[in-house]
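The structure file structure.cif is reproduced below (mmCIF, C-alpha atoms and all ligand atoms).
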```cif
data_protein
#
loop_
_atom_site.group_PDB
_atom_site.id
_atom_site.type_symbol
_atom_site.label_atom_id
_atom_site.label_comp_id
_atom_site.auth_asym_id
_atom_site.auth_seq_id
_atom_site.Cartn_x
_atom_site.Cartn_y
_atom_site.Cartn_z
ATOM 1 C CA MET A 128 -3.990 1.523 24.497
ATOM 2 C CA ARG A 129 -5.921 0.633 21.366
ATOM 3 C CA SER A 130 -5.362 -2.735 19.702
ATOM 4 C CA SER A 131 -5.148 -3.973 16.103
ATOM 5 C CA ARG A 132 -8.789 -4.976 16.378
ATOM 6 C CA ASP A 133 -9.756 -1.365 17.214
ATOM 7 C CA PHE A 134 -7.724 -0.073 14.271
ATOM 8 C CA LEU A 135 -9.434 -2.511 11.903
ATOM 9 C CA ARG A 136 -12.910 -1.638 13.215
ATOM 10 C CA PHE A 137 -12.408 1.881 11.861
ATOM 11 C CA TRP A 138 -12.147 0.443 8.319
ATOM 12 C CA GLU A 139 -15.445 -1.411 8.749
ATOM 13 C CA THR A 140 -17.245 1.777 9.878
ATOM 14 C CA THR A 141 -16.222 5.431 9.430
ATOM 15 C CA GLY A 142 -13.178 4.641 7.300
ATOM 16 C CA SER A 143 -15.188 2.670 4.769
ATOM 17 C CA ALA A 144 -17.058 5.812 3.636
ATOM 18 C CA LYS A 145 -13.927 7.837 2.908
ATOM 19 C CA THR A 146 -12.731 8.948 -0.487
ATOM 20 C CA PHE A 147 -9.076 8.059 -1.076
ATOM 21 C CA THR A 148 -7.062 10.526 -3.128
ATOM 22 C CA HIS A 149 -3.403 9.456 -3.091
ATOM 23 C CA PRO A 150 -2.493 9.303 -6.800
ATOM 24 C CA LEU A 151 -0.769 6.541 -8.758
ATOM 25 C CA ASP A 152 1.737 7.642 -11.419
ATOM 26 C CA PRO A 153 0.766 5.668 -14.542
ATOM 27 C CA GLU A 154 4.030 6.347 -16.345
ATOM 28 C CA LEU A 155 6.052 5.048 -13.396
ATOM 29 C CA LEU A 156 3.943 1.892 -13.333
ATOM 30 C CA ASP A 157 4.266 1.579 -17.106
ATOM 31 C CA ALA A 158 8.065 1.791 -16.879
ATOM 32 C CA TYR A 159 8.260 -1.297 -14.649
ATOM 33 C CA VAL A 160 5.070 -3.299 -15.123
ATOM 34 C CA PRO A 161 3.794 -4.343 -18.562
ATOM 35 C CA ARG A 162 0.083 -4.677 -19.322
ATOM 36 C CA GLY A 163 0.129 -8.487 -19.229
ATOM 37 C CA ALA A 164 1.444 -8.637 -15.661
ATOM 38 C CA ARG A 165 -0.488 -10.339 -12.867
ATOM 39 C CA VAL A 166 -0.937 -7.491 -10.410
ATOM 40 C CA LEU A 167 -2.086 -7.650 -6.788
ATOM 41 C CA ASP A 168 -3.526 -4.417 -5.365
ATOM 42 C CA TYR A 169 -3.035 -5.128 -1.660
ATOM 43 C CA GLY A 170 -5.189 -2.996 0.630
ATOM 44 C CA CYS A 171 -7.305 -2.067 -2.380
ATOM 45 C CA GLY A 172 -10.076 -0.429 -0.330
ATOM 46 C CA TYR A 173 -13.073 0.103 -2.608
ATOM 47 C CA GLY A 174 -11.003 -0.723 -5.680
ATOM 48 C CA ARG A 175 -10.096 2.824 -6.674
ATOM 49 C CA LEU A 176 -6.664 1.887 -8.063
ATOM 50 C CA THR A 177 -7.699 -1.623 -9.106
ATOM 51 C CA ALA A 178 -10.208 0.105 -11.412
ATOM 52 C CA GLU A 179 -7.611 2.591 -12.593
ATOM 53 C CA LEU A 180 -5.257 -0.236 -13.553
ATOM 54 C CA VAL A 181 -7.991 -1.953 -15.546
ATOM 55 C CA GLU A 182 -8.739 1.351 -17.304
ATOM 56 C CA LEU A 183 -5.019 1.654 -18.105
ATOM 57 C CA GLY A 184 -5.195 -1.726 -19.853
ATOM 58 C CA TYR A 185 -3.870 -4.083 -17.164
ATOM 59 C CA GLY A 186 -5.764 -7.282 -17.762
ATOM 60 C CA ALA A 187 -4.948 -9.462 -14.735
ATOM 61 C CA VAL A 188 -5.515 -7.333 -11.644
ATOM 62 C CA ARG A 189 -6.837 -8.526 -8.297
ATOM 63 C CA GLY A 190 -7.732 -6.375 -5.327
ATOM 64 C CA VAL A 191 -7.580 -7.671 -1.777
ATOM 65 C CA ASP A 192 -8.561 -5.857 1.397
ATOM 66 C CA VAL A 193 -9.015 -6.670 5.063
ATOM 67 C CA SER A 194 -12.251 -4.651 5.292
ATOM 68 C CA ALA A 195 -15.511 -6.375 4.336
ATOM 69 C CA ALA A 196 -17.260 -2.990 4.187
ATOM 70 C CA LEU A 197 -14.742 -1.596 1.690
ATOM 71 C CA ILE A 198 -14.824 -4.721 -0.488
ATOM 72 C CA ASP A 199 -18.644 -4.603 -0.511
ATOM 73 C CA ARG A 200 -18.496 -0.974 -1.526
ATOM 74 C CA GLY A 201 -15.941 -1.780 -4.250
ATOM 75 C CA ARG A 202 -18.176 -4.513 -5.646
ATOM 76 C CA ARG A 203 -21.103 -2.079 -5.781
ATOM 77 C CA GLU A 204 -19.069 0.719 -7.372
ATOM 78 C CA HIS A 205 -17.045 -1.496 -9.752
ATOM 79 C CA PRO A 206 -19.051 -4.681 -10.405
ATOM 80 C CA GLY A 207 -16.556 -6.052 -12.945
ATOM 81 C CA LEU A 208 -13.493 -5.989 -10.698
ATOM 82 C CA ASP A 209 -11.870 -9.005 -9.052
ATOM 83 C CA LEU A 210 -12.069 -7.898 -5.403
ATOM 84 C CA MET A 211 -11.707 -10.185 -2.427
ATOM 85 C CA ARG A 212 -11.841 -9.740 1.315
ATOM 86 C CA CYS A 213 -8.921 -11.434 3.062
ATOM 87 C CA ALA A 214 -8.649 -10.845 6.781
ATOM 88 C CA GLU A 215 -5.700 -13.143 7.497
ATOM 89 C CA PHE A 216 -2.321 -14.250 6.242
ATOM 90 C CA PRO A 217 -1.305 -16.195 4.301
ATOM 91 C CA LEU A 218 -3.432 -14.810 1.500
ATOM 92 C CA PRO A 219 -4.976 -17.582 -0.608
ATOM 93 C CA PHE A 220 -2.395 -17.425 -3.408
ATOM 94 C CA GLU A 221 0.653 -19.548 -4.234
ATOM 95 C CA ASP A 222 4.169 -18.268 -3.682
ATOM 96 C CA ALA A 223 5.290 -16.023 -6.577
ATOM 97 C CA ALA A 224 1.732 -15.857 -7.956
ATOM 98 C CA PHE A 225 2.091 -12.215 -9.025
ATOM 99 C CA ASP A 226 4.410 -10.223 -11.257
ATOM 100 C CA ALA A 227 3.755 -7.034 -9.336
ATOM 101 C CA ALA A 228 2.004 -5.667 -6.270
ATOM 102 C CA LEU A 229 0.696 -2.237 -5.329
ATOM 103 C CA LEU A 230 0.845 -1.106 -1.713
ATOM 104 C CA PHE A 231 -0.775 2.306 -1.712
ATOM 105 C CA VAL A 232 -1.352 4.203 1.542
ATOM 106 C CA VAL A 233 -1.856 0.983 3.472
ATOM 107 C CA LEU A 234 1.123 1.179 5.839
ATOM 108 C CA THR A 235 -0.064 4.615 6.933
ATOM 109 C CA CYS A 236 -3.199 2.879 8.264
ATOM 110 C CA VAL A 237 -1.203 0.248 10.165
ATOM 111 C CA PRO A 238 0.337 1.765 13.315
ATOM 112 C CA GLU A 239 2.111 -1.336 14.626
ATOM 113 C CA ASP A 240 5.599 -2.420 13.536
ATOM 114 C CA ALA A 241 4.807 -6.138 13.502
ATOM 115 C CA ALA A 242 1.654 -5.714 11.412
ATOM 116 C CA GLN A 243 3.527 -3.584 8.881
ATOM 117 C CA SER A 244 6.318 -6.167 8.611
ATOM 118 C CA ALA A 245 3.800 -8.977 8.130
ATOM 119 C CA ILE A 246 2.167 -7.163 5.202
ATOM 120 C CA VAL A 247 5.397 -6.458 3.355
ATOM 121 C CA ALA A 248 6.696 -9.984 4.074
ATOM 122 C CA GLU A 249 3.532 -11.476 2.585
ATOM 123 C CA LEU A 250 4.044 -9.397 -0.557
ATOM 124 C CA GLY A 251 7.625 -10.709 -0.632
ATOM 125 C CA ARG A 252 6.179 -14.221 -0.724
ATOM 126 C CA LEU A 253 3.633 -13.403 -3.430
ATOM 127 C CA VAL A 254 5.712 -11.360 -5.886
ATOM 128 C CA ARG A 255 7.878 -13.593 -8.061
ATOM 129 C CA PRO A 256 11.660 -13.087 -8.209
ATOM 130 C CA GLY A 257 12.277 -10.217 -10.617
ATOM 131 C CA GLY A 258 8.773 -8.879 -9.995
ATOM 132 C CA VAL A 259 7.958 -5.426 -8.716
ATOM 133 C CA LEU A 260 6.506 -3.799 -5.609
ATOM 134 C CA TYR A 261 5.130 -0.287 -6.172
ATOM 135 C CA LEU A 262 4.687 1.288 -2.742
ATOM 136 C CA SER A 263 3.376 4.766 -2.096
ATOM 137 C CA ASP A 264 2.933 6.195 1.377
ATOM 138 C CA VAL A 265 3.292 9.219 3.592
ATOM 139 C CA PRO A 266 6.653 9.886 5.236
ATOM 140 C CA LEU A 267 7.106 11.954 8.398
ATOM 141 C CA GLN A 268 6.088 15.506 7.543
ATOM 142 C CA ASP A 269 8.484 18.261 8.476
ATOM 143 C CA ASP A 270 6.109 21.097 9.297
ATOM 144 C CA THR A 271 4.831 22.673 12.485
ATOM 145 C CA TYR A 272 1.336 21.179 12.245
ATOM 146 C CA HIS A 273 2.559 17.612 11.879
ATOM 147 C CA ARG A 274 5.420 17.889 14.372
ATOM 148 C CA GLU A 275 2.916 19.067 16.982
ATOM 149 C CA LEU A 276 0.516 16.280 15.990
ATOM 150 C CA TYR A 277 3.166 13.547 16.294
ATOM 151 C CA GLY A 278 4.352 14.987 19.608
ATOM 152 C CA ARG A 279 0.821 14.946 21.036
ATOM 153 C CA PHE A 280 0.367 11.186 20.494
ATOM 154 C CA VAL A 281 3.852 9.789 20.958
ATOM 155 C CA ALA A 282 3.386 8.910 24.628
ATOM 156 C CA ARG A 283 0.069 7.186 23.964
ATOM 157 C CA HIS A 284 1.213 5.061 21.027
ATOM 158 C CA GLY A 285 4.925 4.790 21.764
ATOM 159 C CA THR A 286 5.976 5.623 18.202
ATOM 160 C CA TYR A 287 6.771 9.075 16.831
ATOM 161 C CA GLY A 288 4.628 9.549 13.724
ATOM 162 C CA VAL A 289 1.511 7.732 14.958
ATOM 163 C CA PHE A 290 -1.481 10.023 15.448
ATOM 164 C CA GLU A 291 -5.249 9.937 15.805
ATOM 165 C CA THR A 292 -7.908 11.769 13.849
ATOM 166 C CA ALA A 293 -11.079 13.259 15.307
ATOM 167 C CA ASP A 294 -13.227 10.618 13.588
ATOM 168 C CA GLY A 295 -11.477 7.717 15.331
ATOM 169 C CA GLY A 296 -8.746 6.774 12.846
ATOM 170 C CA VAL A 297 -5.189 5.957 13.878
ATOM 171 C CA PHE A 298 -2.531 6.646 11.267
ATOM 172 C CA ARG A 299 1.226 6.561 10.966
ATOM 173 C CA HIS A 300 3.773 8.523 9.005
ATOM 174 C CA HIS A 301 7.156 6.863 8.590
ATOM 175 C CA ALA A 302 10.824 7.745 8.403
ATOM 176 C CA PRO A 303 11.752 7.001 4.756
ATOM 177 C CA GLU A 304 14.525 4.682 5.915
ATOM 178 C CA ARG A 305 11.952 2.635 7.803
ATOM 179 C CA LEU A 306 9.980 2.067 4.596
ATOM 180 C CA ARG A 307 13.148 1.105 2.730
ATOM 181 C CA GLY A 308 14.078 -1.256 5.557
ATOM 182 C CA LEU A 309 10.683 -2.972 5.507
ATOM 183 C CA VAL A 310 10.989 -3.551 1.787
ATOM 184 C CA ARG A 311 14.563 -4.847 1.997
ATOM 185 C CA THR A 312 13.761 -7.187 4.874
ATOM 186 C CA ALA A 313 10.994 -8.714 2.764
ATOM 187 C CA GLY A 314 13.474 -9.557 -0.009
ATOM 188 C CA PHE A 315 13.109 -6.557 -2.320
ATOM 189 C CA SER A 316 15.756 -4.150 -3.601
ATOM 190 C CA VAL A 317 14.803 -0.508 -3.956
ATOM 191 C CA VAL A 318 15.378 0.492 -7.573
ATOM 192 C CA ARG A 319 13.682 3.867 -7.746
ATOM 193 C CA GLU A 320 12.167 6.514 -5.516
ATOM 194 C CA ARG A 321 9.990 9.509 -6.234
ATOM 195 C CA THR A 322 8.711 12.238 -3.939
ATOM 196 C CA GLY A 323 5.892 14.706 -4.473
ATOM 197 C CA SER A 324 2.847 16.295 -2.874
ATOM 198 C CA VAL A 325 -0.598 14.828 -2.356
ATOM 199 C CA THR A 326 -3.908 16.065 -1.022
ATOM 200 C CA THR A 327 -5.014 14.009 1.974
ATOM 201 C CA PRO A 328 -8.635 12.931 2.592
ATOM 202 C CA ASP A 329 -8.935 15.744 5.174
ATOM 203 C CA GLY A 330 -7.973 18.324 2.555
ATOM 204 C CA ARG A 331 -4.397 19.014 3.685
ATOM 205 C CA THR A 332 -1.295 18.813 1.538
ATOM 206 C CA ALA A 333 1.332 16.233 2.459
ATOM 207 C CA GLU A 334 4.569 14.959 0.998
ATOM 208 C CA ARG A 335 4.475 11.414 -0.341
ATOM 209 C CA LEU A 336 7.202 8.868 -1.007
ATOM 210 C CA GLN A 337 6.955 6.311 -3.778
ATOM 211 C CA ILE A 338 9.257 3.314 -3.941
ATOM 212 C CA ILE A 339 9.701 0.901 -6.805
ATOM 213 C CA ALA A 340 11.381 -2.255 -5.537
ATOM 214 C CA ARG A 341 12.302 -5.453 -7.283
ATOM 215 C CA ARG A 342 11.952 -8.903 -5.722
ATOM 216 C CA GLU A 343 15.353 -10.492 -5.359
ATOM 217 C CA GLY A 344 16.177 -14.027 -6.448
ATOM 218 C CA SER A 345 16.629 -15.638 -9.793
ATOM 219 C CA ASP A 346 13.744 -15.322 -12.157
ATOM 220 C CA PRO A 347 12.922 -18.680 -13.762
ATOM 221 C CA ALA A 348 11.356 -16.846 -16.718
ATOM 222 C CA ASP A 349 14.022 -14.305 -17.572
ATOM 223 C CA ASP A 350 11.919 -13.089 -20.454
ATOM 224 C CA GLY A 351 8.959 -12.663 -18.060
ATOM 225 C CA PRO A 352 6.636 -9.724 -18.324
ATOM 226 C CA THR A 353 8.274 -7.304 -15.874
ATOM 227 C CA ARG A 354 10.487 -4.737 -17.527
ATOM 228 C CA THR A 355 13.855 -3.566 -16.317
ATOM 229 C CA GLY A 356 12.715 0.049 -16.029
ATOM 230 C CA PRO A 357 14.516 3.172 -17.186
ATOM 231 C CA SER A 358 16.707 3.826 -14.168
ATOM 232 C CA ASP A 359 17.298 0.951 -11.819
ATOM 233 C CA ARG A 360 18.727 3.193 -9.170
ATOM 234 C CA PRO A 361 17.225 4.618 -5.999
HETATM 235 C C1 LIG B 1 -6.254 4.722 2.796
HETATM 236 S S1 LIG B 1 -6.946 3.179 2.327
HETATM 237 C C2 LIG B 1 -6.145 2.970 0.752
HETATM 238 C C3 LIG B 1 -6.936 2.088 -0.182
HETATM 239 C C4 LIG B 1 -6.346 1.921 -1.566
HETATM 240 N N1 LIG B 1 -5.026 1.338 -1.521
HETATM 241 C C5 LIG B 1 -6.317 3.241 -2.289
HETATM 242 O O1 LIG B 1 -5.233 3.826 -2.388
HETATM 243 O O2 LIG B 1 -7.370 3.681 -2.742
HETATM 244 C C6 LIG B 1 -6.110 2.034 3.359
HETATM 245 C C7 LIG B 1 -6.561 0.601 3.231
HETATM 246 O O3 LIG B 1 -5.782 -0.210 4.134
HETATM 247 C C8 LIG B 1 -6.619 -1.186 4.705
HETATM 248 N N2 LIG B 1 -6.080 -1.556 6.011
HETATM 249 C C9 LIG B 1 -6.245 -0.914 7.177
HETATM 250 N N3 LIG B 1 -5.619 -1.556 8.173
HETATM 251 C C10 LIG B 1 -5.056 -2.647 7.623
HETATM 252 C C11 LIG B 1 -4.284 -3.723 8.160
HETATM 253 N N4 LIG B 1 -3.954 -3.792 9.452
HETATM 254 N N5 LIG B 1 -3.888 -4.669 7.312
HETATM 255 C C12 LIG B 1 -4.191 -4.604 6.008
HETATM 256 N N6 LIG B 1 -4.910 -3.618 5.452
HETATM 257 C C13 LIG B 1 -5.344 -2.649 6.249
HETATM 258 C C14 LIG B 1 -7.978 -0.525 4.818
HETATM 259 O O4 LIG B 1 -9.023 -1.467 4.877
HETATM 260 C C15 LIG B 1 -8.008 0.372 3.585
HETATM 261 O O5 LIG B 1 -8.634 -0.243 2.514
#
```
Using structure tokens, write down the structure that the file contains.
Amino acid sequence: MRSSRDFLRFWETTGSAKTFTHPLDPELLDAYVPRGARVLDYGCGYGRLTAELVELGYGAVRGVDVSAALIDRGRREHPGLDLMRCAEFPLPFEDAAFDAALLFVVLTCVPEDAAQSAIVAELGRLVRPGGVLYLSDVPLQDDTYHRELYGRFVARHGTYGVFETADGGVFRHHAPERLRGLVRTAGFSVVRERTGSVTTPDGRTAERLQIIARREGSDPADDGPTRTGPSDRP
């Protein structure tokens, strides 16, 4: 059985040379997160979306990733970005230090339940009440290829949806209700969902699930920078 340390090693080696393609929807972000917001891009990789946010006019964006190799690459490719390697929790920020957080295709790289919960819980600590989590990930795919793939690895990893790639990666696709549950347990309410298709790094097409969730609790600055959004309904 492979351990968390093995999974992380992949992101210091083979995984750090990959090109990530899972798209962010700028108009969805714009509907919930104003340009002045303090945004944390958790699991930023080489800063692909951190850079996109800056290009979109977001002025206070920080990227954090567990992989030193990916942060080094991000600093080379985007010298002006605020990118930091953080390998452990708690992250070096105060409670409620951010108005919003991105969590883009990170949980799919984290096969273990406890590690997934720890990530979302830490974002629950860091996003202020009333602030926003914008999560995008890959749910369980309902096609023959993926069903066979999940079935092949379920005995080895003990979780349906966890699978290995030929280059040594271990990934996980999730039941949508599991993602919603993780978010709720961390103190967020789901306010909007969006599905669609994405191209994966190995050139396949997959369904994605995006969740906009708001941090519960009273917001000391009711006129703070996070907007209500057009449709506060899942
Ligand atoms: C597919 S990449 C996505 C990067 C970025 N969010 C993007 O969309 O371009 C997944 C990221 O998750 C990070 N990651 C992998 N395992 C992790 C773990 N156990 N905890 C936190 N981050 C992890 C990797 O270092 C990598 O940067």
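Between CA of Ala195 (chain A) and CA of Phe220 (chain A) there is a distance of 18.8 Å.
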Would you write out, as a PyMOL selection string, every residue that the PyMOL selection byres (((not hetatm)) within 6 of (chain B and resi 1)) captures in this file? chain A and resi 135+138+147+149+170-172+175-176+192-194+231-233+236-237
Report the residues retrieved by the PyMOL selection byres (((chain A and resi 184) around 12) and not hetatm) from the displayed file, expressed as a PyMOL selection string. chain A and resi 153+156-157+160-164+166+177-183+185-188
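For the choices A:Ser143, A:Leu267, A:Leu336, A:Leu230, the atom-to-atom distance to Gln243 (chain A) is smallest for A:Leu230 when using all atoms listed in the file.
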Might you pull out every residue within 9 Å of region 311-319 of chain A, with all atoms listed in the file counted and same-chain residues fewer than 5 positions away left off, and present them as a PyMOL selection string? chain A and resi 244-245+247-252+256+259-260+306+337-344+356+358-361
Could you dump the residues just selected with C-alpha atoms as an mmCIF file, keeping the file's coordinate frame?
```
data_model
loop_
_atom_site.group_PDB
_atom_site.id
_atom_site.type_symbol
_atom_site.label_atom_id
_atom_site.label_comp_id
_atom_site.auth_asym_id
_atom_site.auth_seq_id
_atom_site.Cartn_x
_atom_site.Cartn_y
_atom_site.Cartn_z
ATOM 1 C CA SER A 244 6.318 -6.167 8.611
ATOM 2 C CA ALA A 245 3.800 -8.977 8.130
ATOM 3 C CA VAL A 247 5.397 -6.458 3.355
ATOM 4 C CA ALA A 248 6.696 -9.984 4.074
ATOM 5 C CA GLU A 249 3.532 -11.476 2.585
ATOM 6 C CA LEU A 250 4.044 -9.397 -0.557
ATOM 7 C CA GLY A 251 7.625 -10.709 -0.632
ATOM 8 C CA ARG A 252 6.179 -14.221 -0.724
ATOM 9 C CA PRO A 256 11.660 -13.087 -8.209
ATOM 10 C CA VAL A 259 7.958 -5.426 -8.716
ATOM 11 C CA LEU A 260 6.506 -3.799 -5.609
ATOM 12 C CA LEU A 306 9.980 2.067 4.596
ATOM 13 C CA GLN A 337 6.955 6.311 -3.778
ATOM 14 C CA ILE A 338 9.257 3.314 -3.941
ATOM 15 C CA ILE A 339 9.701 0.901 -6.805
ATOM 16 C CA ALA A 340 11.381 -2.255 -5.537
ATOM 17 C CA ARG A 341 12.302 -5.453 -7.283
ATOM 18 C CA ARG A 342 11.952 -8.903 -5.722
ATOM 19 C CA GLU A 343 15.353 -10.492 -5.359
ATOM 20 C CA GLY A 344 16.177 -14.027 -6.448
ATOM 21 C CA GLY A 356 12.715 0.049 -16.029
ATOM 22 C CA SER A 358 16.707 3.826 -14.168
ATOM 23 C CA ASP A 359 17.298 0.951 -11.819
ATOM 24 C CA ARG A 360 18.727 3.193 -9.170
ATOM 25 C CA PRO A 361 17.225 4.618 -5.999
#
```
Polymer residues at most 10 Å from region 272-287 of chain A, all atoms listed in the file, same-chain spacing of 6 or more positions, as a PDB file with C-alpha atoms, in the frame of the given file:
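Done, and the output landed in result_17.pdb:
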```
ATOM      1  CA  MET A 128      -3.990   1.523  24.497  1.00  0.00           C
ATOM      2  CA  ARG A 129      -5.921   0.633  21.366  1.00  0.00           C
ATOM      3  CA  PRO A 238       0.337   1.765  13.315  1.00  0.00           C
ATOM      4  CA  GLU A 239       2.111  -1.336  14.626  1.00  0.00           C
ATOM      5  CA  ASP A 240       5.599  -2.420  13.536  1.00  0.00           C
ATOM      6  CA  VAL A 297      -5.189   5.957  13.878  1.00  0.00           C
ATOM      7  CA  ARG A 299       1.226   6.561  10.966  1.00  0.00           C
ATOM      8  CA  HIS A 300       3.773   8.523   9.005  1.00  0.00           C
ATOM      9  CA  HIS A 301       7.156   6.863   8.590  1.00  0.00           C
ATOM     10  CA  ALA A 302      10.824   7.745   8.403  1.00  0.00           C
ATOM     11  CA  ALA A 333       1.332  16.233   2.459  1.00  0.00           C
TER      12      ALA A 333
END
```
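Residues lying within 10 Å of (-6.8, 11.6, 2.3). Counted over all atoms listed in the file, they are Lys145, Thr146, Phe147, Thr148, His149, Val232, Val325, Thr326, Thr327, Pro328, Asp329, Gly330, Arg331, Thr332 and Ala333 of chain A.
Proximity ranking of A:Thr141, A:Phe298, A:Leu197, A:Leu151 relative to Gly174 (chain A) places A:Leu197 first, based on all atoms listed in the file.
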For region 157-181 of chain A, supply N, CA and C atoms and report the output as a JSON list (two decimals), keeping the file's coordinate frame.
```
[["chain", "number", "residue", "atom", "x", "y", "z"],
["A", 157, "ASP", "N", 4.03, 2.05, -15.74],
["A", 157, "ASP", "CA", 4.27, 1.58, -17.11],
["A", 157, "ASP", "C", 5.75, 1.25, -17.34],
["A", 158, "ALA", "N", 6.63, 1.99, -16.68],
["A", 158, "ALA", "CA", 8.06, 1.79, -16.88],
["A", 158, "ALA", "C", 8.54, 0.46, -16.30],
["A", 159, "TYR", "N", 7.80, -0.08, -15.34],
["A", 159, "TYR", "CA", 8.26, -1.30, -14.65],
["A", 159, "TYR", "C", 7.32, -2.49, -14.78],
["A", 160, "VAL", "N", 6.06, -2.22, -15.13],
["A", 160, "VAL", "CA", 5.07, -3.30, -15.12],
["A", 160, "VAL", "C", 4.30, -3.29, -16.44],
["A", 161, "PRO", "N", 4.50, -4.30, -17.28],
["A", 161, "PRO", "CA", 3.79, -4.34, -18.56],
["A", 161, "PRO", "C", 2.33, -4.74, -18.39],
["A", 162, "ARG", "N", 1.54, -4.50, -19.42],
["A", 162, "ARG", "CA", 0.08, -4.68, -19.32],
["A", 162, "ARG", "C", -0.33, -6.12, -19.04],
["A", 163, "GLY", "N", 0.51, -7.09, -19.45],
["A", 163, "GLY", "CA", 0.13, -8.49, -19.23],
["A", 163, "GLY", "C", 0.44, -9.01, -17.83],
["A", 164, "ALA", "N", 1.01, -8.17, -16.98],
["A", 164, "ALA", "CA", 1.44, -8.64, -15.66],
["A", 164, "ALA", "C", 0.26, -9.01, -14.78],
["A", 165, "ARG", "N", 0.49, -10.00, -13.91],
["A", 165, "ARG", "CA", -0.49, -10.34, -12.87],
["A", 165, "ARG", "C", -0.20, -9.40, -11.70],
["A", 166, "VAL", "N", -1.17, -8.54, -11.41],
["A", 166, "VAL", "CA", -0.94, -7.49, -10.41],
["A", 166, "VAL", "C", -1.87, -7.68, -9.22],
["A", 167, "LEU", "N", -1.30, -7.62, -8.02],
["A", 167, "LEU", "CA", -2.09, -7.65, -6.79],
["A", 167, "LEU", "C", -2.13, -6.23, -6.22],
["A", 168, "ASP", "N", -3.34, -5.72, -6.02],
["A", 168, "ASP", "CA", -3.53, -4.42, -5.36],
["A", 168, "ASP", "C", -3.86, -4.72, -3.91],
["A", 169, "TYR", "N", -2.82, -4.73, -3.05],
["A", 169, "TYR", "CA", -3.04, -5.13, -1.66],
["A", 169, "TYR", "C", -3.50, -3.92, -0.84],
["A", 170, "GLY", "N", -4.59, -4.12, -0.11],
["A", 170, "GLY", "CA", -5.19, -3.00, 0.63],
["A", 170, "GLY", "C", -5.91, -2.11, -0.36],
["A", 171, "CYS", "N", -6.69, -2.76, -1.22],
["A", 171, "CYS", "CA", -7.30, -2.07, -2.38],
["A", 171, "CYS", "C", -8.45, -1.15, -1.98],
["A", 172, "GLY", "N", -8.94, -1.26, -0.73],
["A", 172, "GLY", "CA", -10.08, -0.43, -0.33],
["A", 172, "GLY", "C", -11.29, -0.74, -1.18],
["A", 173, "TYR", "N", -11.89, 0.29, -1.75],
["A", 173, "TYR", "CA", -13.07, 0.10, -2.61],
["A", 173, "TYR", "C", -12.69, -0.04, -4.09],
["A", 174, "GLY", "N", -11.42, -0.38, -4.32],
["A", 174, "GLY", "CA", -11.00, -0.72, -5.68],
["A", 174, "GLY", "C", -10.67, 0.47, -6.56],
["A", 175, "ARG", "N", -10.40, 1.60, -5.92],
["A", 175, "ARG", "CA", -10.10, 2.82, -6.67],
["A", 175, "ARG", "C", -8.95, 2.60, -7.67],
["A", 176, "LEU", "N", -7.82, 2.07, -7.17],
["A", 176, "LEU", "CA", -6.66, 1.89, -8.06],
["A", 176, "LEU", "C", -6.76, 0.60, -8.87],
["A", 177, "THR", "N", -7.46, -0.40, -8.32],
["A", 177, "THR", "CA", -7.70, -1.62, -9.11],
["A", 177, "THR", "C", -8.43, -1.22, -10.39],
["A", 178, "ALA", "N", -9.44, -0.36, -10.24],
["A", 178, "ALA", "CA", -10.21, 0.10, -11.41],
["A", 178, "ALA", "C", -9.34, 0.94, -12.34],
["A", 179, "GLU", "N", -8.48, 1.76, -11.75],
["A", 179, "GLU", "CA", -7.61, 2.59, -12.59],
["A", 179, "GLU", "C", -6.67, 1.72, -13.42],
["A", 180, "LEU", "N", -6.15, 0.66, -12.81],
["A", 180, "LEU", "CA", -5.26, -0.24, -13.55],
["A", 180, "LEU", "C", -5.99, -0.90, -14.72],
["A", 181, "VAL", "N", -7.21, -1.33, -14.47],
["A", 181, "VAL", "CA", -7.99, -1.95, -15.55],
["A", 181, "VAL", "C", -8.22, -0.93, -16.67]]
```
